[in-house]
Amino acid sequence: MVDCNTECPKISVIIPVHNAHDTLSATVNSILGQNYPNLQIVLAENGSSDGSWELCRSLQSEHPCVEAVQSDNTGVSCARNAGLGLADGDLVGFCDADDLYLEHCLNTVVSRFAANPECAMVVTGYRNAKRNGE
């Protein structure tokens, strides 16, 4: 794990959001639950019609590390680019608005960078999970 008694690099996690009102809170909470001390979450809303933008604004007002940006419905790549415009972290990661981060994920990623200073990118694994918990 990362020793954050020294300086921890800031991580910006960009989440493109399109009609994700039903899943976005769980996604953001899974990232906030990492207990990583130097974090920015960028919600890049992309022309939703289900109240996702209002939820992004609410999450931004509730959590100091959450920022929201809105763009026209121009696709997920444009939403990610809009998020990159706000990102100010030393490391940048991406998460879909219906995904969840496993416990300690961010600490693991940072420790891989710390152990391999020549490394430019870390790719993580994933687990498929159904809504019923399977």
# chains A, B, ... in the order shown; residues from 1 in each chain; ligands from 1

$ select_by_dssp --residues "chain A" --states "alpha helix (DSSP H)" --output "VMD selection string"
chain A and resid 24 to 32 52 to 62 76 to 86 105 to 115

$ residues_around --residues "A:Ile11" --least-positions-apart "4" --cutoff "6 Å" --atoms "only C-alpha atoms" --output "PDB file with N, CA, C and O atoms, in the first residue's frame"
ATOM      1  N   LEU A  39      -7.839  13.317  -3.890  1.00  0.00           N
ATOM      2  CA  LEU A  39      -8.718  12.815  -4.927  1.00  0.00           C
ATOM      3  C   LEU A  39      -9.556  13.924  -5.540  1.00  0.00           C
ATOM      4  O   LEU A  39     -10.011  14.842  -4.846  1.00  0.00           O
ATOM      5  N   GLY A  89      -5.119  16.337 -11.607  1.00  0.00           N
ATOM      6  CA  GLY A  89      -4.370  15.349 -10.843  1.00  0.00           C
ATOM      7  C   GLY A  89      -3.029  15.011 -11.457  1.00  0.00           C
ATOM      8  O   GLY A  89      -2.774  15.266 -12.630  1.00  0.00           O
ATOM      9  N   LEU A  91      -2.193  11.887 -11.534  1.00  0.00           N
ATOM     10  CA  LEU A  91      -2.611  10.669 -12.229  1.00  0.00           C
ATOM     11  C   LEU A  91      -4.059  10.856 -12.649  1.00  0.00           C
ATOM     12  O   LEU A  91      -4.844  11.486 -11.931  1.00  0.00           O
ATOM     13  N   VAL A  92      -4.425  10.305 -13.803  1.00  0.00           N
ATOM     14  CA  VAL A  92      -5.790  10.409 -14.309  1.00  0.00           C
ATOM     15  C   VAL A  92      -6.322   9.012 -14.568  1.00  0.00           C
ATOM     16  O   VAL A  92      -5.640   8.184 -15.178  1.00  0.00           O
TER      17      VAL A  92
END

$ atom_distance --atom1 "atom CA of A:Leu106" --atom2 "atom CA of A:Ser71"
27.4 Å

$ residues_around --residues "stretch 21-25 of chain A" --least-positions-apart "5" --cutoff "6 Å" --atoms "only C-alpha atoms" --output "JSON list (two decimals) with all heavy atoms, in the first residue's frame"
[["chain", "number", "residue", "atom", "x", "y", "z"],
["A", 52, "SER", "N", -29.71, 13.42, -14.82],
["A", 52, "SER", "CA", -28.31, 13.17, -14.43],
["A", 52, "SER", "C", -27.56, 14.46, -14.13],
["A", 52, "SER", "O", -26.74, 14.50, -13.21],
["A", 52, "SER", "CB", -27.57, 12.40, -15.53],
["A", 52, "SER", "OG", -28.02, 11.08, -15.62],
["A", 97, "ALA", "N", -20.07, 5.38, -15.58],
["A", 97, "ALA", "CA", -21.06, 5.83, -14.60],
["A", 97, "ALA", "C", -21.89, 4.69, -14.02],
["A", 97, "ALA", "O", -22.70, 4.92, -13.12],
["A", 97, "ALA", "CB", -21.98, 6.88, -15.22],
["A", 98, "ASP", "N", -21.68, 3.48, -14.49],
["A", 98, "ASP", "CA", -22.38, 2.33, -13.91],
["A", 98, "ASP", "C", -21.40, 1.29, -13.35],
["A", 98, "ASP", "O", -21.76, 0.15, -13.11],
["A", 98, "ASP", "CB", -23.31, 1.69, -14.93],
["A", 98, "ASP", "CG", -22.58, 1.14, -16.16],
["A", 98, "ASP", "OD1", -21.37, 1.43, -16.33],
["A", 98, "ASP", "OD2", -23.23, 0.44, -16.95]]

$ atom_distance --atom1 "atom CA of A:His18" --atom2 "atom CA of A:Gln60"
16.5 Å
